[in-house]
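A.B. asks: Dropping a structure here in structure tokens format, bear with me for questions.
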Amino acid sequence: MSMPETAALVLGAMVAAYILAKILKVSTELSMLAAALVGAAVGGAGFPVRHIVEGAFTYLDICLIFITATLFMNLLKESGGVAFVIRRVLTRFHRRKALLFVMLALLLLIPGALTGAGSVTVLITGSLVATVLGYMNIPRARAAAIIFIIAGLSAAAPPVSLWAMLTAAGVNMPYVGFFLPLLVPCVLLALATIFILSRGAKPADLEAALRELPEAPPKMNWLKVAAPFALFFALILAGRMFPFGFPILGLPLMFAAAAVVTMLLSPVKIPFLDVAGRTVHQLLPLVGTLTCVGILVQIMTLTGARGLIAITVVTLPVTVVILTLFLTLPISEAVLMWGAAPVLGVPLVLLFNTINLNPIVALAGMSVIWPLGDAIPPTAIIGRLTVDTIGMKEPYGKFLKACLVPALLIILAGTLMVFFSKQLAFLTVL
Amino acid sequence: MTRKFVIIVLGAALAVFAGLDFYRSRHLREPVVAGPGVARVKTLGDYFSKVKGTVNDCNVYILEGAQPGGAVLVLGGTHPEEPATRLVSWILAENGILEQGRLFVVCSANRSASTVTRPSGAYPDSFSIPTTWGGQTFRMGDRWSNPLDQWPDPEVYIHYPTGQNLAYMDGRNLNRTWPGRPGGTLTEKTTHAFMELIRTEKIDFVIDLHEAELQYPVISTIVAHPKGQDLAAMASMVLSGEEFKIGVESSPEALRGLSHREIGDHSDAFTLLFEAPEPFLDATRGRTDAKLLLEGKDDFVVRAGKRGLLFETIDKNGWPIDVRVGRHTSTILTVLDLWTLDHPDRGVILKNVPRYAEVIEKGTGAFLKDPASAESKTIHYE
């Protein structure tokens, strides 16, 4: 059997194993693990212990970020800080909708833009913003869609855009010139999203809302809420402003430091071990998915299934490739998460480069589309995180439906950026 | 409870077996039999004390000619996942004899990166080169320093001293951290140590050996700092006329942290960076194993070539390791010849190193020495 035939057989076996596992009501993460193990066996690799464990560590850093950021947010909630902020924001801005929406969009864009992770946006500002939106009569599913879509855009926004960075690194292209090609679409699309999905919003009934909201501890104040955030952003800024004098801490340690400050400033005593245990329990499905995605990618690479997907995509006619980006990018993200950038992004950028498109603008356009895949099963990591974080009880499909209009807008903008990348090359000045 | 116990036991078993495998591959000893041309062996830490005793305190094999002349540094293993680069440095250290000048050879420029493989890359942990005495096994390695030696990564890697933003993991890429920083990360300290070597030993130029995926536009070429442009252009003409096609490119000013840019900008020396084709690195590659690494044959990469997506040709014969090693040895010899012709007082005349045709004819293994039959004092471990 030739190598392409073997790879096709392996890929087919993996898909079949995944579907079978899902039919047997096995969880998504274990279904992916099953697909990986079957793929390895059919591919002649047996039970490759080293590859399984190595693949499992692919997203270790991201898992640590998830855990520490969520712990920080849970501690803040436990201290009464979240209730305090919601009450104050509602009191101050409940009459001026447009201004409030712009502020909320910016609040959602900043954490992800600085960290490159949409999950951080969801965890840090997502639930706060969702509560404010809720009191403006915006249905839960639409509020979740606003947070998810803008969180995705925040992850694609500069200065840190992991898809652009990973792909650029894969083609040995410097991560420069991306600032405006990423910033302009992300900000415009974020504003469009919040205004489109907040249509029909009403100024909140302040008194009713305040009656329903939990009371904040009497000794809670802005300083106590802001201090941990200030420390977090100060640590990030210090790394940027003094890169050669400030130690590299890494995002997990920065979130842990913010968590410690939250504990120290809390006006109420926080049961730390309870909160920590709850946090880990809350994140187990997410961490499990990331671990199994890593294993799956490793086995796909080992057996040639990953190469089969990549070569199939890049050898399609160029027009077809560009016109199907709306499918291939989100789906690859849904299956591989950031792994989509090295698997698919690298050959696509090389393809665009050979046909004289501007690789920076084209990659920026792709980077805007990619995060949409985070709502699509099997992984749906950020989508699931969003609905969990804001406590949406309705079916997941309702959330996906709410995402549709802004998603189409993003797809259109991203695809046009690829098509007209040469004409938009003036954006690459920064 | 029973279910949890079974899961814990399975997890522990996976951890133990995989852990042993990782340990073995990280600590695999790779012998170099220092040839008759090696006058002495130093380590990188001799040039910068903060690297001494670290995982990157690599060996520096110093070959000296009877006649005084110039000095050249050859770096193998900047990216250990490009195995031809390390094999070439092995051949130089084990076979090279210098008539004039000094040649500094490094087999594991980023030794830390040689002790790890890439998560999601599915690399083999090692590969073996067949020899008449049974074969020699090498660590596979990765492009970036081992996270066990340098962790965590910043959110974005900011290059010293220009402040250019680069991908976060490139803080562990030896070819993005030039000219290095004495108080920086392990990788930055390593490049700083090499800069100290270059300054202390009055190196005329550095040869940085690499391999590249065929989808990467900088391939089968010599990338030169402006100070080395003429030498590179001449070498390209000679080699393309006599042995194989090789291009020449100028080091771009906008791309920072690379050896071909920073060494020339921060010292009297300059760098020539050689790129040979390695299909194993292509994103569209099929099955990932040592066979692909060494034979360089891949149907998917061939298909990408037919679609016009590659910057180098490939057919069913692929790009075997002997071809890639031979390209580098011939390019080194040609560059040294041309340099010596132009700078007789600073000449570096290297003998007993096989050229392209000879490596292909006899195989790379023919130029590796058997440590079992060598004097123990000549054996050094990478």
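Letters A, B, ... go to the chains of the structure tokens in the order shown; residues in each chain start at 1; ligands are counted from 1 in the same order.
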Taking only C-alpha atoms into account, report as a PyMOL selection string which residues of chain B lie within 7 Å of chain A.

C.D. replies: chain B and resi 14+18+21+119-122+152-156+158+165-167+215-216+255+283-288+300+304+307+309

A.B. asks: Could you give me, as a PyMOL selection string, each residue of range 15-76 of chain B that DSSP assigns to alpha helix (DSSP H) when run on this structure's backbone?

C.D. replies: chain B and resi 15-26

A.B. asks: Store the residues of this selection in a file with N, CA and C atoms, as a PDB file, in the first residue's frame.

C.D. replies:
ATOM      1  N   ALA B  15       3.291   7.419  32.441  1.00  0.00           N
ATOM      2  CA  ALA B  15       4.305   8.388  32.857  1.00  0.00           C
ATOM      3  C   ALA B  15       5.662   7.717  33.026  1.00  0.00           C
ATOM      4  N   VAL B  16       5.670   6.530  33.628  1.00  0.00           N
ATOM      5  CA  VAL B  16       6.941   5.844  33.882  1.00  0.00           C
ATOM      6  C   VAL B  16       7.605   5.428  32.560  1.00  0.00           C
ATOM      7  N   PHE B  17       6.846   4.761  31.699  1.00  0.00           N
ATOM      8  CA  PHE B  17       7.444   4.262  30.451  1.00  0.00           C
ATOM      9  C   PHE B  17       7.878   5.429  29.549  1.00  0.00           C
ATOM     10  N   ALA B  18       7.001   6.429  29.426  1.00  0.00           N
ATOM     11  CA  ALA B  18       7.361   7.575  28.585  1.00  0.00           C
ATOM     12  C   ALA B  18       8.521   8.342  29.222  1.00  0.00           C
ATOM     13  N   GLY B  19       8.482   8.466  30.551  1.00  0.00           N
ATOM     14  CA  GLY B  19       9.546   9.190  31.255  1.00  0.00           C
ATOM     15  C   GLY B  19      10.904   8.552  31.025  1.00  0.00           C
ATOM     16  N   LEU B  20      10.936   7.219  31.088  1.00  0.00           N
ATOM     17  CA  LEU B  20      12.201   6.521  30.844  1.00  0.00           C
ATOM     18  C   LEU B  20      12.691   6.793  29.417  1.00  0.00           C
ATOM     19  N   ASP B  21      11.741   6.779  28.492  1.00  0.00           N
ATOM     20  CA  ASP B  21      12.084   7.032  27.091  1.00  0.00           C
ATOM     21  C   ASP B  21      12.649   8.443  26.918  1.00  0.00           C
ATOM     22  N   PHE B  22      11.969   9.434  27.524  1.00  0.00           N
ATOM     23  CA  PHE B  22      12.437  10.826  27.435  1.00  0.00           C
ATOM     24  C   PHE B  22      13.828  10.958  28.077  1.00  0.00           C
ATOM     25  N   TYR B  23      14.005  10.299  29.227  1.00  0.00           N
ATOM     26  CA  TYR B  23      15.287  10.394  29.929  1.00  0.00           C
ATOM     27  C   TYR B  23      16.414   9.829  29.061  1.00  0.00           C
ATOM     28  N   ARG B  24      16.132   8.639  28.482  1.00  0.00           N
ATOM     29  CA  ARG B  24      17.154   7.995  27.637  1.00  0.00           C
ATOM     30  C   ARG B  24      17.514   8.901  26.464  1.00  0.00           C
ATOM     31  N   SER B  25      16.506   9.493  25.832  1.00  0.00           N
ATOM     32  CA  SER B  25      16.816  10.281  24.644  1.00  0.00           C
ATOM     33  C   SER B  25      17.524  11.588  25.029  1.00  0.00           C
ATOM     34  N   ARG B  26      17.156  12.179  26.180  1.00  0.00           N
ATOM     35  CA  ARG B  26      17.828  13.411  26.612  1.00  0.00           C
ATOM     36  C   ARG B  26      19.291  13.152  26.970  1.00  0.00           C
TER      37      ARG B  26
END

A.B. asks: DSSP on the backbone: which residues in range 31-98 of chain B end up as strand (DSSP E or B)? Give the answer as a ChimeraX atom specification.

C.D. replies: /B:31-33,38-43,59-64,67-75,97-98

A.B. asks: Would you export the selected residues with N, CA and C atoms as an mmCIF file, in the first residue's frame, please?

C.D. replies:
data_model
loop_
_atom_site.group_PDB
_atom_site.id
_atom_site.type_symbol
_atom_site.label_atom_id
_atom_site.label_comp_id
_atom_site.auth_asym_id
_atom_site.auth_seq_id
_atom_site.Cartn_x
_atom_site.Cartn_y
_atom_site.Cartn_z
ATOM 1 N N PRO B 31 29.266 10.071 20.860
ATOM 2 C CA PRO B 31 30.729 10.245 20.857
ATOM 3 C C PRO B 31 31.247 10.930 19.595
ATOM 4 N N VAL B 32 32.218 11.800 19.796
ATOM 5 C CA VAL B 32 32.971 12.380 18.674
ATOM 6 C C VAL B 32 34.413 11.923 18.864
ATOM 7 N N VAL B 33 34.969 11.270 17.840
ATOM 8 C CA VAL B 33 36.372 10.870 17.913
ATOM 9 C C VAL B 33 37.186 11.999 17.278
ATOM 10 N N VAL B 38 42.551 17.944 15.124
ATOM 11 C CA VAL B 38 42.072 18.689 16.299
ATOM 12 C C VAL B 38 43.235 18.942 17.256
ATOM 13 N N ALA B 39 43.569 20.222 17.436
ATOM 14 C CA ALA B 39 44.686 20.570 18.313
ATOM 15 C C ALA B 39 44.241 20.563 19.767
ATOM 16 N N ARG B 40 43.054 21.028 20.032
ATOM 17 C CA ARG B 40 42.518 21.005 21.394
ATOM 18 C C ARG B 40 40.996 21.161 21.354
ATOM 19 N N VAL B 41 40.402 20.813 22.473
ATOM 20 C CA VAL B 41 38.942 20.926 22.576
ATOM 21 C C VAL B 41 38.621 21.823 23.767
ATOM 22 N N LYS B 42 37.937 22.904 23.483
ATOM 23 C CA LYS B 42 37.478 23.791 24.564
ATOM 24 C C LYS B 42 35.966 23.609 24.704
ATOM 25 N N THR B 43 35.407 24.302 25.648
ATOM 26 C CA THR B 43 33.941 24.332 25.691
ATOM 27 C C THR B 43 33.489 25.788 25.621
ATOM 28 N N ASN B 59 30.962 21.462 23.267
ATOM 29 C CA ASN B 59 32.372 21.339 22.884
ATOM 30 C C ASN B 59 32.687 22.227 21.686
ATOM 31 N N VAL B 60 33.908 22.775 21.693
ATOM 32 C CA VAL B 60 34.403 23.536 20.545
ATOM 33 C C VAL B 60 35.709 22.849 20.103
ATOM 34 N N TYR B 61 35.659 22.204 18.945
ATOM 35 C CA TYR B 61 36.828 21.483 18.435
ATOM 36 C C TYR B 61 37.672 22.472 17.629
ATOM 37 N N ILE B 62 38.947 22.603 18.035
ATOM 38 C CA ILE B 62 39.795 23.608 17.382
ATOM 39 C C ILE B 62 40.846 22.895 16.530
ATOM 40 N N LEU B 63 40.731 23.077 15.232
ATOM 41 C CA LEU B 63 41.688 22.496 14.292
ATOM 42 C C LEU B 63 42.682 23.600 13.928
ATOM 43 N N GLU B 64 43.980 23.267 14.002
ATOM 44 C CA GLU B 64 44.996 24.285 13.729
ATOM 45 C C GLU B 64 45.947 23.816 12.644
ATOM 46 N N GLN B 67 50.664 26.461 9.337
ATOM 47 C CA GLN B 67 50.899 27.814 8.832
ATOM 48 C C GLN B 67 49.860 28.775 9.430
ATOM 49 N N PRO B 68 50.277 29.920 9.984
ATOM 50 C CA PRO B 68 49.290 30.859 10.525
ATOM 51 C C PRO B 68 48.377 31.416 9.432
ATOM 52 N N GLY B 69 47.203 31.771 9.810
ATOM 53 C CA GLY B 69 46.235 32.289 8.834
ATOM 54 C C GLY B 69 45.023 32.849 9.530
ATOM 55 N N GLY B 70 43.903 32.696 8.913
ATOM 56 C CA GLY B 70 42.664 33.236 9.464
ATOM 57 C C GLY B 70 41.983 32.257 10.405
ATOM 58 N N ALA B 71 40.775 32.606 10.769
ATOM 59 C CA ALA B 71 40.005 31.748 11.678
ATOM 60 C C ALA B 71 38.556 31.718 11.229
ATOM 61 N N VAL B 72 37.995 30.505 11.202
ATOM 62 C CA VAL B 72 36.611 30.328 10.762
ATOM 63 C C VAL B 72 35.885 29.465 11.801
ATOM 64 N N LEU B 73 34.651 29.840 12.100
ATOM 65 C CA LEU B 73 33.819 29.060 13.029
ATOM 66 C C LEU B 73 32.699 28.389 12.247
ATOM 67 N N VAL B 74 32.565 27.062 12.412
ATOM 68 C CA VAL B 74 31.461 26.343 11.762
ATOM 69 C C VAL B 74 30.474 25.891 12.839
ATOM 70 N N LEU B 75 29.226 26.307 12.682
ATOM 71 C CA LEU B 75 28.188 25.940 13.652
ATOM 72 C C LEU B 75 27.283 24.852 13.090
ATOM 73 N N ILE B 97 41.806 18.091 8.443
ATOM 74 C CA ILE B 97 43.203 18.418 8.748
ATOM 75 C C ILE B 97 43.461 19.802 8.155
ATOM 76 N N LEU B 98 44.027 20.679 8.994
ATOM 77 C CA LEU B 98 44.215 22.044 8.542
ATOM 78 C C LEU B 98 45.676 22.286 8.160
#

A.B. asks: With a distance cut-off of 6 Å and only C-alpha atoms, select the neighbouring residues of range 184-195 of chain B, excluding the residue or stretch itself and same-chain residues fewer than 5 positions from it, and output the selection as a PyMOL selection string.

C.D. replies: chain B and resi 47-48+172+174+177-179

A.B. asks: I need the residues from that last selection saved to file as a compact mmCIF listing (two decimals), in the first residue's frame (with C-alpha atoms), if you can.

C.D. replies:
# COMPACT_ATOMS: atom_id res chain seq x y z
CA TYR B 47 34.48 32.07 26.54
CA PHE B 48 31.64 33.12 28.84
CA ARG B 172 14.32 29.62 22.58
CA LEU B 174 19.27 30.05 18.72
CA THR B 177 18.65 35.40 19.69
CA TRP B 178 21.86 36.74 18.14
CA PRO B 179 23.86 38.70 19.28

A.B. asks: Counting only C-alpha atoms, which of B:Leu310, B:Ile91, B:Leu214, B:Leu341 gets nearest to Asp282 in chain B?

C.D. replies: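 The answer is B:Leu214, which sits nearest to Asp282 in chain B.
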
A.B. asks: Just want the 10 Å neighbourhood of Pro226 in chain B, counted on only C-alpha atoms, with same-chain residues fewer than 2 positions away dropped. Output as an MDAnalysis selection string.

C.D. replies: chainID B and resid 223:224 228:232 249:253 260:261 264:265 270:272

A.B. asks: As a ChimeraX atom specification, please: the residues near Ser220 in chain B (cut-off 12 Å, only C-alpha atoms, same-chain neighbours under 6 positions excluded).

C.D. replies: /B:209-214,236,239-240,244-249,273-278,310-313,319,323-324,327-328,331

A.B. asks: If I take CA of Ala41 in chain A and CA of Val15 in chain A, how far is one from the other in Å, to one decimal?

C.D. replies: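 Answer for the CA of Ala41 in chain A to CA of Val15 in chain A separation: 13.7 Å.
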
A.B. asks: Under the rule that only C-alpha atoms are counted, which of A:Ile376, A:Ala258, A:Thr415, A:Ala216 is the nearest residue to Val320 in chain A?

C.D. replies: A:Thr415

A.B. asks: Just the residues within 9 Å of Asp322 in chain B, please, counting only C-alpha atoms, with nothing from its chain fewer than 5 positions along; format it as a list in words.

C.D. replies: Ala84, Leu294, Glu295, Arg327, Tyr356, Val359, Ile360, Glu361, Lys362, Gly363, Thr364 and Gly365 of chain B

A.B. asks: Using Å and a single decimal, report how far CA of Lys398 in chain A sits from CA of Met366 in chain A.

C.D. replies: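 That distance, rounded to one decimal, is 25.9 Å.
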